[in-house]
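Below is one structure, written out as structure tokens; the observations come after it.
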Amino acid sequence: MLFYSCHHGNRDSSGTVFRYNESANITSLDPAFARDQAIIWATNQLFNGLVQLDDKLAIQPAIARSWDISKDGRSYTFHLRRDVFFHPSPAFSNPKSRSVTASDFVYSFNRIVDPEIASPGAWIFNNVQRLNGKYGFFALNDSTLRVELKEPFPPFLSLLSMQYCSVIPEEAVAFFGARFRNNPVGTGPFIFKTWKEGVKLVMVKNPEYFEFDHGTRMPYLDAVAITFLADKQSAFLEFIKGKLDFMSGIDPTYKDELLTATGRLQPKYTGQIELITQPYLNTEYLGFMIDTGDPGRVAKGVVHKQVRQAINHAFDREKMIRYLRNNIGTPGVQGIIPKGLPSFDSTRHYFSFDPEKARDLLADAGYPGGKGLPSITLTSTSDYLDICKYIQHQVGELGIELLIEVSPPAAVKEMKAQAKIPFFRASWIADYPDAENYLSLFYGPNFCPRGPNYTHFFNPEFDRLYEQAMSTVNDSARFLLYQRMEQIVMDESPVVILYYDQVLRFIQKGITGIGNNPMNLLNLKRVRKRA
């Protein structure tokens with residue numbers, strides 16, 4: 001079951017199986033529901049879209065070999081490869097597979113926006129033109145697809161790189177129905193083999209995959225096996241014993257076992273394991289509910305901008321990263337846009353550790369020494385309790401009484417989406433590699449629950465610049481607008497930026513080609529494993 005025995009051409013086939021654990025489990029292999037990392041990683045091996053990202057987050061061809069964008073930025077025409085085939089499946093009558101056409105993308109995209117499917121990725125096509133109730137997806141012929149937008153949206157190609165936009169065959173959905181979630185049929189480098197939910201998922205190499213690496217057809221691995229140990233400590237022990245080839249991220253339970261205080265691999269593991277790290281498009285922050293329209297649901301005191309700014313200056317981010325995270329990550333002093341994006345501005349430092357300035361700001365707000373300032377409750381999950389307690393201690397030295405309320409992740413997520421938390425810890429992991437993804441958190445029309453503006457921040461000048469940026473096709477000009485918008489946000493301080501995260505990848509010696517990227521997307525098509 002784990003091995004695909006056929007050898008094709010000049011393929012380096014040696015019965016190699018790449019093994020990793022997914023503690024978060026997987027609920028579906030249908031790309032229409034690829035909303036979290038666990039599903040994204042799995043579906044990325046099984047499916048392809050029009051375009052893809054390289055490790056530098058540049059848009060590259062995938063099933064679309066090229067594309068044209070109209071001068072007004074509203075029309076995208078994609079020219080498809082003719083050598084891409086769906087995986088063999090009983091859904092196809094005869095033969096057992098067929099080539100991908102533009103009509104398959106029209107079907108796949110319309111399926112995403114179908115209310116009956118209820119895909120969490122339907123928002124991707126909010127800006128697609130609609131006429132007489134039909135979306136602007138058009139198959140001009142078998143190899144030409146056109147998408148029409150209502151308004152220009154420069155990050156649109158980045159959106160299309162998301163797994164939601166994978167192509168699937170209509171026959172397979174019709175054949176399997178609801179069982180398509182565990183009988184996926186795609187075009188990717190690996191073919192679905194078997195899935196015992198909560199135990200193991202196995203994918204085998206696709207011998208007819210369309211991408212080549214310097215003349216050699218990919219992938220190099222014979223199979224991918226994913227286990228689902230929920231206990232991260234157990235998974236770590238399996239990795240140390242060599243029974244897993246790859247591990248992403250690090251848990252506090254074994255942080256000090258693997259890493260030194262400076263964030264390097266412990267010397268005793270250097271002969272067995274390699275550590276790969278780089279900036280991760282994940283900004284960790286605290287958010288203030290600025291306005292709910294109900295004064296009883298707004299944290300008293302934080303309605304004062306100076307109080308929010310005082311909290312921003314009240315704690316030492318560098319010390320927090322050094323002692324609580326073993327130097328994993330970068331102190332969040334630049335703004336909401338994280339390292340790893342082209343529009344990140346490393347020259348701007350908004351909030352350094354400055355207790356005296358924090359005291360002055362509190363006095364300006366009418367709370368000298370914190371006197372008269374009502375207590376503020378910070379809601380978080382248990383995973384970040386150590387950081388919250390650190391901030392609690394630091395702001396307490398200024399006279400700010402910060403209470404901590406720990407809630408389950410699902411509860412925090414729901415209360416945040418319903419604007420029911422006055423002060424909360426959150427993170428924003430990029431859905432696509434453009435700073436608009438982060439700045440959308442502060443766009444007025446995106447007030448939650450309609451959108452991701454969880455702080456209910458509103459600034460007319462910010463909204464004007466945001467809309468101007470969305471009609472600016474030139475990247476350099478758009479990036480300048482992004483930076484002006486970020487300046488407004490940091491001046492008003494609806495958030496406290498904690499840090500910009502890092503991608504940490506631990507691999508066994510003998511694994512090559514796994515790559516690394518700021519989206520932390522797992523690509524296994526180029527991976528080789530020494531037998």
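Following the order of the structure tokens, chains are lettered A, B, ..., residues in each are numbered from 1, and ligands are numbered from 1.
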Per-residue nearest contacts segment 299-392 of chain A to segment 466-487 of chain A, cut-off 10 Å, using only C-alpha atoms, as a Markdown table:
```
| residue | atom | partner | partner_atom | distance |
| --- | --- | --- | --- | --- |
| A:Gln334 | CA | A:Glu486 | CA | 9.3 |
| A:Gly335 | CA | A:Glu486 | CA | 6.6 |
| A:Ile336 | CA | A:Glu486 | CA | 7.0 |
| A:Ile337 | CA | A:Glu486 | CA | 7.7 |
| A:Pro342 | CA | A:Phe479 | CA | 8.0 |
| A:Ser343 | CA | A:Phe479 | CA | 5.3 |
| A:Phe344 | CA | A:Gln483 | CA | 8.1 |
| A:Asp345 | CA | A:Gln483 | CA | 7.6 |
| A:Arg348 | CA | A:Gln487 | CA | 9.2 |
| A:Tyr350 | CA | A:Gln487 | CA | 8.6 |
```
Generate a file of the selected residues that holds N, CA and C atoms, formatted as an mmCIF file, in the first residue's frame.
```
data_model
loop_
_atom_site.group_PDB
_atom_site.id
_atom_site.type_symbol
_atom_site.label_atom_id
_atom_site.label_comp_id
_atom_site.auth_asym_id
_atom_site.auth_seq_id
_atom_site.Cartn_x
_atom_site.Cartn_y
_atom_site.Cartn_z
ATOM 1 N N GLN A 334 7.792 47.030 13.890
ATOM 2 C CA GLN A 334 7.652 47.700 12.597
ATOM 3 C C GLN A 334 6.204 47.976 12.185
ATOM 4 N N GLY A 335 5.255 47.183 12.611
ATOM 5 C CA GLY A 335 3.874 47.389 12.195
ATOM 6 C C GLY A 335 3.178 46.071 11.948
ATOM 7 N N ILE A 336 1.981 46.123 11.352
ATOM 8 C CA ILE A 336 1.182 44.913 11.143
ATOM 9 C C ILE A 336 1.721 44.061 9.999
ATOM 10 N N ILE A 337 2.375 44.674 9.000
ATOM 11 C CA ILE A 337 2.904 43.937 7.848
ATOM 12 C C ILE A 337 4.162 43.188 8.286
ATOM 13 N N PRO A 342 7.255 41.948 0.392
ATOM 14 C CA PRO A 342 8.037 43.013 -0.246
ATOM 15 C C PRO A 342 7.763 44.398 0.323
ATOM 16 N N SER A 343 6.557 44.646 0.809
ATOM 17 C CA SER A 343 6.214 45.974 1.317
ATOM 18 C C SER A 343 6.579 46.165 2.791
ATOM 19 N N PHE A 344 7.212 45.164 3.405
ATOM 20 C CA PHE A 344 7.673 45.305 4.785
ATOM 21 C C PHE A 344 8.736 46.393 4.845
ATOM 22 N N ASP A 345 8.601 47.319 5.770
ATOM 23 C CA ASP A 345 9.524 48.444 5.893
ATOM 24 C C ASP A 345 10.338 48.289 7.180
ATOM 25 N N ARG A 348 11.216 51.519 9.747
ATOM 26 C CA ARG A 348 10.279 52.169 10.672
ATOM 27 C C ARG A 348 10.192 51.386 11.976
ATOM 28 N N TYR A 350 7.961 51.722 15.348
ATOM 29 C CA TYR A 350 6.841 52.474 15.921
ATOM 30 C C TYR A 350 6.841 52.484 17.440
#
```
Running DSSP on the backbone, which parts of segment 46-282 of chain A land in helix (DSSP H, G or I), as an mmCIF file with N, CA and C atoms, in the first residue's frame?
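In the end it all went to out.cif:
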```
data_model
loop_
_atom_site.group_PDB
_atom_site.id
_atom_site.type_symbol
_atom_site.label_atom_id
_atom_site.label_comp_id
_atom_site.auth_asym_id
_atom_site.auth_seq_id
_atom_site.Cartn_x
_atom_site.Cartn_y
_atom_site.Cartn_z
ATOM 1 N N LEU A 46 -2.089 16.850 -3.718
ATOM 2 C CA LEU A 46 -3.058 16.139 -4.557
ATOM 3 C C LEU A 46 -3.608 16.968 -5.721
ATOM 4 N N ALA A 102 -10.371 24.163 -19.838
ATOM 5 C CA ALA A 102 -10.823 25.419 -19.227
ATOM 6 C C ALA A 102 -12.186 25.252 -18.568
ATOM 7 N N SER A 103 -13.028 24.397 -19.128
ATOM 8 C CA SER A 103 -14.354 24.166 -18.550
ATOM 9 C C SER A 103 -14.269 23.570 -17.150
ATOM 10 N N ASP A 104 -13.204 22.812 -16.882
ATOM 11 C CA ASP A 104 -13.014 22.255 -15.543
ATOM 12 C C ASP A 104 -12.778 23.355 -14.516
ATOM 13 N N PHE A 105 -12.062 24.401 -14.919
ATOM 14 C CA PHE A 105 -11.864 25.526 -14.008
ATOM 15 C C PHE A 105 -13.152 26.312 -13.801
ATOM 16 N N VAL A 106 -13.932 26.476 -14.867
ATOM 17 C CA VAL A 106 -15.216 27.164 -14.722
ATOM 18 C C VAL A 106 -16.090 26.404 -13.728
ATOM 19 N N TYR A 107 -16.127 25.073 -13.858
ATOM 20 C CA TYR A 107 -16.901 24.264 -12.910
ATOM 21 C C TYR A 107 -16.356 24.400 -11.493
ATOM 22 N N SER A 108 -15.035 24.274 -11.348
ATOM 23 C CA SER A 108 -14.417 24.297 -10.018
ATOM 24 C C SER A 108 -14.642 25.631 -9.323
ATOM 25 N N PHE A 109 -14.509 26.734 -10.063
ATOM 26 C CA PHE A 109 -14.689 28.065 -9.462
ATOM 27 C C PHE A 109 -16.152 28.313 -9.111
ATOM 28 N N ASN A 110 -17.048 27.909 -9.978
ATOM 29 C CA ASN A 110 -18.475 28.069 -9.678
ATOM 30 C C ASN A 110 -18.886 27.224 -8.484
ATOM 31 N N ARG A 111 -18.231 26.086 -8.319
ATOM 32 C CA ARG A 111 -18.524 25.233 -7.165
ATOM 33 C C ARG A 111 -18.112 25.929 -5.868
ATOM 34 N N ILE A 112 -17.005 26.656 -5.884
ATOM 35 C CA ILE A 112 -16.525 27.353 -4.689
ATOM 36 C C ILE A 112 -17.547 28.389 -4.223
ATOM 37 N N VAL A 113 -18.170 29.092 -5.163
ATOM 38 C CA VAL A 113 -19.104 30.167 -4.789
ATOM 39 C C VAL A 113 -20.541 29.676 -4.645
ATOM 40 N N ALA A 122 -15.184 30.958 -0.511
ATOM 41 C CA ALA A 122 -16.026 31.669 -1.485
ATOM 42 C C ALA A 122 -15.653 33.145 -1.588
ATOM 43 N N TRP A 123 -15.132 33.717 -0.507
ATOM 44 C CA TRP A 123 -14.770 35.138 -0.498
ATOM 45 C C TRP A 123 -13.713 35.481 -1.544
ATOM 46 N N ILE A 124 -12.933 34.492 -1.975
ATOM 47 C CA ILE A 124 -11.872 34.741 -2.957
ATOM 48 C C ILE A 124 -12.423 35.397 -4.215
ATOM 49 N N PHE A 125 -13.661 35.043 -4.561
ATOM 50 C CA PHE A 125 -14.237 35.530 -5.816
ATOM 51 C C PHE A 125 -15.272 36.631 -5.596
ATOM 52 N N PHE A 156 -4.962 39.555 -7.151
ATOM 53 C CA PHE A 156 -5.847 38.477 -7.617
ATOM 54 C C PHE A 156 -5.070 37.211 -7.980
ATOM 55 N N LEU A 157 -3.921 37.348 -8.641
ATOM 56 C CA LEU A 157 -3.144 36.155 -8.989
ATOM 57 C C LEU A 157 -2.679 35.420 -7.732
ATOM 58 N N SER A 158 -2.345 36.177 -6.692
ATOM 59 C CA SER A 158 -1.958 35.538 -5.433
ATOM 60 C C SER A 158 -3.115 34.751 -4.840
ATOM 61 N N LEU A 159 -4.321 35.301 -4.948
ATOM 62 C CA LEU A 159 -5.506 34.572 -4.477
ATOM 63 C C LEU A 159 -5.648 33.249 -5.204
ATOM 64 N N LEU A 160 -5.392 33.256 -6.505
ATOM 65 C CA LEU A 160 -5.573 32.047 -7.308
ATOM 66 C C LEU A 160 -4.555 30.963 -6.969
ATOM 67 N N GLN A 163 -5.225 26.921 -2.300
ATOM 68 C CA GLN A 163 -5.726 25.578 -2.614
ATOM 69 C C GLN A 163 -7.219 25.556 -2.917
ATOM 70 N N TYR A 164 -7.958 26.547 -2.437
ATOM 71 C CA TYR A 164 -9.372 26.636 -2.794
ATOM 72 C C TYR A 164 -9.564 26.616 -4.311
ATOM 73 N N CYS A 165 -8.604 27.175 -5.034
ATOM 74 C CA CYS A 165 -8.744 27.372 -6.481
ATOM 75 C C CYS A 165 -8.225 26.197 -7.292
ATOM 76 N N GLU A 170 -15.734 17.421 -12.652
ATOM 77 C CA GLU A 170 -17.157 17.350 -12.299
ATOM 78 C C GLU A 170 -17.612 15.903 -12.160
ATOM 79 N N GLU A 171 -17.051 15.013 -12.993
ATOM 80 C CA GLU A 171 -17.462 13.605 -12.943
ATOM 81 C C GLU A 171 -17.196 12.993 -11.572
ATOM 82 N N ALA A 172 -16.068 13.377 -10.949
ATOM 83 C CA ALA A 172 -15.719 12.787 -9.658
ATOM 84 C C ALA A 172 -16.676 13.251 -8.568
ATOM 85 N N VAL A 173 -17.050 14.540 -8.607
ATOM 86 C CA VAL A 173 -17.996 15.049 -7.616
ATOM 87 C C VAL A 173 -19.350 14.382 -7.799
ATOM 88 N N ALA A 174 -19.762 14.199 -9.057
ATOM 89 C CA ALA A 174 -21.044 13.535 -9.329
ATOM 90 C C ALA A 174 -21.004 12.065 -8.897
ATOM 91 N N PHE A 175 -19.867 11.413 -9.122
ATOM 92 C CA PHE A 175 -19.739 9.992 -8.820
ATOM 93 C C PHE A 175 -19.693 9.734 -7.318
ATOM 94 N N PHE A 176 -18.887 10.524 -6.591
ATOM 95 C CA PHE A 176 -18.693 10.269 -5.169
ATOM 96 C C PHE A 176 -19.666 11.036 -4.278
ATOM 97 N N GLY A 177 -20.197 12.148 -4.766
ATOM 98 C CA GLY A 177 -21.089 12.945 -3.942
ATOM 99 C C GLY A 177 -20.380 13.450 -2.699
ATOM 100 N N ALA A 178 -21.002 13.271 -1.545
ATOM 101 C CA ALA A 178 -20.407 13.722 -0.284
ATOM 102 C C ALA A 178 -19.117 12.980 0.033
ATOM 103 N N ARG A 179 -18.918 11.819 -0.593
ATOM 104 C CA ARG A 179 -17.706 11.032 -0.336
ATOM 105 C C ARG A 179 -16.490 11.564 -1.089
ATOM 106 N N PHE A 180 -16.654 12.651 -1.835
ATOM 107 C CA PHE A 180 -15.496 13.241 -2.508
ATOM 108 C C PHE A 180 -14.476 13.746 -1.485
ATOM 109 N N ARG A 181 -14.934 14.096 -0.289
ATOM 110 C CA ARG A 181 -14.026 14.573 0.755
ATOM 111 C C ARG A 181 -12.961 13.537 1.102
ATOM 112 N N ASN A 182 -13.295 12.233 0.968
ATOM 113 C CA ASN A 182 -12.311 11.197 1.253
ATOM 114 C C ASN A 182 -12.042 10.300 0.047
ATOM 115 N N LYS A 232 1.524 16.146 20.898
ATOM 116 C CA LYS A 232 2.728 16.655 20.242
ATOM 117 C C LYS A 232 4.003 16.083 20.844
ATOM 118 N N GLN A 233 3.981 15.789 22.125
ATOM 119 C CA GLN A 233 5.153 15.190 22.761
ATOM 120 C C GLN A 233 5.417 13.803 22.184
ATOM 121 N N SER A 234 4.351 13.031 21.961
ATOM 122 C CA SER A 234 4.508 11.698 21.368
ATOM 123 C C SER A 234 5.047 11.797 19.951
ATOM 124 N N ALA A 235 4.533 12.753 19.195
ATOM 125 C CA ALA A 235 5.009 12.950 17.824
ATOM 126 C C ALA A 235 6.490 13.344 17.819
ATOM 127 N N PHE A 236 6.870 14.186 18.777
ATOM 128 C CA PHE A 236 8.276 14.592 18.888
ATOM 129 C C PHE A 236 9.170 13.386 19.145
ATOM 130 N N LEU A 237 8.741 12.511 20.030
ATOM 131 C CA LEU A 237 9.532 11.314 20.336
ATOM 132 C C LEU A 237 9.645 10.411 19.106
ATOM 133 N N GLU A 238 8.574 10.313 18.321
ATOM 134 C CA GLU A 238 8.630 9.529 17.085
ATOM 135 C C GLU A 238 9.637 10.137 16.113
ATOM 136 N N PHE A 239 9.676 11.463 16.064
ATOM 137 C CA PHE A 239 10.622 12.139 15.184
ATOM 138 C C PHE A 239 12.062 11.888 15.646
ATOM 139 N N ILE A 240 12.312 12.003 16.929
ATOM 140 C CA ILE A 240 13.656 11.781 17.461
ATOM 141 C C ILE A 240 14.111 10.342 17.214
ATOM 142 N N LYS A 255 10.560 22.526 23.559
ATOM 143 C CA LYS A 255 11.302 23.664 22.998
ATOM 144 C C LYS A 255 12.757 23.659 23.450
ATOM 145 N N ASP A 256 12.978 23.552 24.753
ATOM 146 C CA ASP A 256 14.335 23.633 25.279
ATOM 147 C C ASP A 256 15.149 22.369 24.988
ATOM 148 N N GLU A 257 14.454 21.273 24.741
ATOM 149 C CA GLU A 257 15.155 20.041 24.384
ATOM 150 C C GLU A 257 15.785 20.160 22.997
ATOM 151 N N LEU A 258 15.104 20.821 22.080
ATOM 152 C CA LEU A 258 15.590 20.921 20.701
ATOM 153 C C LEU A 258 16.427 22.165 20.434
ATOM 154 N N PRO A 267 23.334 21.070 20.181
ATOM 155 C CA PRO A 267 24.471 20.360 19.574
ATOM 156 C C PRO A 267 24.298 18.847 19.502
ATOM 157 N N LYS A 268 23.623 18.244 20.484
ATOM 158 C CA LYS A 268 23.523 16.780 20.491
ATOM 159 C C LYS A 268 22.697 16.230 19.335
ATOM 160 N N TYR A 269 21.933 17.118 18.630
ATOM 161 C CA TYR A 269 21.106 16.647 17.524
ATOM 162 C C TYR A 269 21.663 17.021 16.150
#
```
Quiz item: Which of segment 256-417 of chain A counts as strand (DSSP E) under DSSP, as a VMD selection string please?
Solution: chain A and resid 273 to 288 330 to 331 376 to 380 402 to 406
I need the chosen residues saved as a PDB file, in the first residue's frame, with C-alpha atoms.
```pdb
ATOM      1  CA  ILE A 273      18.598  16.632  12.351  1.00  0.00           C
ATOM      2  CA  GLU A 274      18.735  19.761  10.239  1.00  0.00           C
ATOM      3  CA  LEU A 275      16.942  22.982  11.191  1.00  0.00           C
ATOM      4  CA  ILE A 276      15.607  25.244   8.423  1.00  0.00           C
ATOM      5  CA  THR A 277      14.187  28.604   9.405  1.00  0.00           C
ATOM      6  CA  GLN A 278      13.075  31.868   7.839  1.00  0.00           C
ATOM      7  CA  PRO A 279      10.460  34.630   8.409  1.00  0.00           C
ATOM      8  CA  TYR A 280       6.856  33.417   8.512  1.00  0.00           C
ATOM      9  CA  LEU A 281       3.936  35.506   7.273  1.00  0.00           C
ATOM     10  CA  ASN A 282       2.329  35.401  10.688  1.00  0.00           C
ATOM     11  CA  THR A 283       1.892  38.516  12.828  1.00  0.00           C
ATOM     12  CA  GLU A 284       1.059  37.884  16.478  1.00  0.00           C
ATOM     13  CA  TYR A 285      -0.760  40.770  18.139  1.00  0.00           C
ATOM     14  CA  LEU A 286      -3.174  41.999  20.801  1.00  0.00           C
ATOM     15  CA  GLY A 287      -6.331  43.702  19.535  1.00  0.00           C
ATOM     16  CA  PHE A 288      -8.495  46.350  21.194  1.00  0.00           C
ATOM     17  CA  THR A 330      11.323  39.030  15.425  1.00  0.00           C
ATOM     18  CA  PRO A 331      10.111  41.693  17.890  1.00  0.00           C
ATOM     19  CA  ILE A 376      -8.501  45.759  31.502  1.00  0.00           C
ATOM     20  CA  THR A 377      -9.181  42.088  30.750  1.00  0.00           C
ATOM     21  CA  LEU A 378      -7.070  40.340  28.099  1.00  0.00           C
ATOM     22  CA  THR A 379      -8.645  37.193  26.615  1.00  0.00           C
ATOM     23  CA  SER A 380      -6.313  34.519  25.262  1.00  0.00           C
ATOM     24  CA  LEU A 402      -4.360  43.812  33.448  1.00  0.00           C
ATOM     25  CA  LEU A 403      -6.492  40.734  34.091  1.00  0.00           C
ATOM     26  CA  ILE A 404      -6.107  37.565  32.010  1.00  0.00           C
ATOM     27  CA  GLU A 405      -8.985  35.368  30.954  1.00  0.00           C
ATOM     28  CA  VAL A 406      -8.105  32.013  29.375  1.00  0.00           C
TER      29      VAL A 406
END
```
Exercise. Can you pull out every residue within 7 Å of Gly249 of chain A, counting only C-alpha atoms, but drop anything in the same chain fewer than 3 positions away, and send it as an MDAnalysis selection string?
Key: chainID A and resid 503:505
Exercise. Can you work out the spacing between atom CA of Ala62 of chain A and atom CA of Leu29 of chain A in Å, to one decimal?
Key: 20.1 Å
Quiz item: Rounded to one decimal in Å, what is the spacing between atom CA of Met519 of chain A and atom CA of Glu197 of chain A?
Solution: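 Distance reported for this atom pair: 26.3 Å.
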Quiz prompt | Contacts of Lys56 of chain A at 9 Å (only C-alpha atoms; same-chain gap of 6+ positions) as number ranges by chain | solution = A: 340, 516-518
Output file for the selection above: C-alpha atoms, as a PDB file, in the first residue's frame:
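Dumped everything to again-v8.pdb:
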```pdb
ATOM      1  CA  GLY A 340       8.860  38.323   4.310  1.00  0.00           C
ATOM      2  CA  ASN A 516      11.119  26.714   2.718  1.00  0.00           C
ATOM      3  CA  ASN A 517       8.883  29.718   2.194  1.00  0.00           C
ATOM      4  CA  PRO A 518       7.286  32.489   4.291  1.00  0.00           C
TER       5      PRO A 518
END
```
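Proximity of A:Gly515, A:Gly15, A:Pro449, A:Pro338 to Leu221 of chain A, computed with only C-alpha atoms, is greatest for A:Gly15.
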What are the closest atom pairs, with distances in Å to one decimal, for each residue of segment 221-326 of chain A lying within 9 Å of segment 18-25 of chain A, using only C-alpha atoms, rows by chain and rising residue number, as CSV?
```
residue,atom,partner,partner_atom,distance
A:Leu221,CA,A:Phe18,CA,7.0
A:Asp222,CA,A:Phe18,CA,8.2
A:Ala223,CA,A:Phe18,CA,6.3
A:Val224,CA,A:Phe18,CA,4.8
A:Ala225,CA,A:Arg19,CA,4.9
A:Ile226,CA,A:Tyr20,CA,5.2
A:Thr227,CA,A:Asn21,CA,4.7
A:Phe228,CA,A:Glu22,CA,5.0
A:Leu229,CA,A:Ser23,CA,5.3
A:Ala230,CA,A:Ser23,CA,4.3
A:Asp231,CA,A:Ser23,CA,6.7
A:Lys232,CA,A:Ser23,CA,6.6
A:Ala235,CA,A:Asn21,CA,6.7
A:Phe239,CA,A:Tyr20,CA,8.4
A:Lys243,CA,A:Arg19,CA,7.6
A:Leu244,CA,A:Arg19,CA,5.1
A:Asp245,CA,A:Arg19,CA,5.3
A:Phe246,CA,A:Tyr20,CA,5.4
A:Met247,CA,A:Tyr20,CA,6.6
```
Convert the current residue selection to file output with N, CA and C atoms, as an mmCIF file, in the first residue's frame.
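Written output follows (part_30.cif):
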```
data_model
loop_
_atom_site.group_PDB
_atom_site.id
_atom_site.type_symbol
_atom_site.label_atom_id
_atom_site.label_comp_id
_atom_site.auth_asym_id
_atom_site.auth_seq_id
_atom_site.Cartn_x
_atom_site.Cartn_y
_atom_site.Cartn_z
ATOM 1 N N LEU A 221 9.741 11.106 -4.629
ATOM 2 C CA LEU A 221 9.290 10.167 -3.602
ATOM 3 C C LEU A 221 8.307 9.174 -4.192
ATOM 4 N N ASP A 222 8.236 7.999 -3.582
ATOM 5 C CA ASP A 222 7.260 7.002 -4.003
ATOM 6 C C ASP A 222 5.935 7.145 -3.277
ATOM 7 N N ALA A 223 5.974 7.710 -2.083
ATOM 8 C CA ALA A 223 4.731 7.850 -1.323
ATOM 9 C C ALA A 223 4.915 8.870 -0.214
ATOM 10 N N VAL A 224 3.780 9.344 0.271
ATOM 11 C CA VAL A 224 3.730 10.226 1.435
ATOM 12 C C VAL A 224 2.777 9.580 2.435
ATOM 13 N N ALA A 225 3.222 9.423 3.683
ATOM 14 C CA ALA A 225 2.385 8.829 4.730
ATOM 15 C C ALA A 225 2.244 9.831 5.873
ATOM 16 N N ILE A 226 1.014 10.172 6.219
ATOM 17 C CA ILE A 226 0.726 11.138 7.273
ATOM 18 C C ILE A 226 0.033 10.420 8.419
ATOM 19 N N THR A 227 0.595 10.542 9.624
ATOM 20 C CA THR A 227 -0.058 9.999 10.812
ATOM 21 C C THR A 227 -0.734 11.135 11.571
ATOM 22 N N PHE A 228 -1.561 10.782 12.559
ATOM 23 C CA PHE A 228 -2.380 11.777 13.253
ATOM 24 C C PHE A 228 -2.293 11.623 14.771
ATOM 25 N N LEU A 229 -1.077 11.635 15.279
ATOM 26 C CA LEU A 229 -0.892 11.617 16.732
ATOM 27 C C LEU A 229 -1.262 12.992 17.276
ATOM 28 N N ALA A 230 -2.269 13.028 18.138
ATOM 29 C CA ALA A 230 -2.726 14.311 18.670
ATOM 30 C C ALA A 230 -1.757 14.879 19.694
ATOM 31 N N ASP A 231 -1.065 14.007 20.416
ATOM 32 C CA ASP A 231 -0.138 14.452 21.450
ATOM 33 C C ASP A 231 1.190 14.852 20.806
ATOM 34 N N LYS A 232 1.524 16.146 20.898
ATOM 35 C CA LYS A 232 2.728 16.655 20.242
ATOM 36 C C LYS A 232 4.003 16.083 20.844
ATOM 37 N N ALA A 235 4.533 12.753 19.195
ATOM 38 C CA ALA A 235 5.009 12.950 17.824
ATOM 39 C C ALA A 235 6.490 13.344 17.819
ATOM 40 N N PHE A 239 9.676 11.463 16.064
ATOM 41 C CA PHE A 239 10.622 12.139 15.184
ATOM 42 C C PHE A 239 12.062 11.888 15.646
ATOM 43 N N LYS A 243 11.323 7.865 13.196
ATOM 44 C CA LYS A 243 10.145 7.279 12.568
ATOM 45 C C LYS A 243 9.317 8.304 11.810
ATOM 46 N N LEU A 244 9.667 9.580 11.937
ATOM 47 C CA LEU A 244 9.088 10.643 11.128
ATOM 48 C C LEU A 244 10.239 11.390 10.476
ATOM 49 N N ASP A 245 10.017 11.879 9.254
ATOM 50 C CA ASP A 245 11.074 12.541 8.497
ATOM 51 C C ASP A 245 11.068 14.050 8.654
ATOM 52 N N PHE A 246 9.970 14.588 9.163
ATOM 53 C CA PHE A 246 9.786 16.039 9.104
ATOM 54 C C PHE A 246 8.918 16.482 10.269
ATOM 55 N N MET A 247 9.239 17.648 10.800
ATOM 56 C CA MET A 247 8.419 18.233 11.864
ATOM 57 C C MET A 247 8.452 19.745 11.690
#
```
Exercise. Can you work out which one of A:Leu498, A:Val84, A:Met162, A:Ile40 has the shortest atom-to-atom distance to Gln52 of chain A, counting only C-alpha atoms?
Key: A:Met162
Quiz item: So how many Å separate atom CA of Glu492 of chain A and atom CA of Tyr432 of chain A, to one decimal?
Solution: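 That distance, rounded to one decimal, is 25.8 Å.
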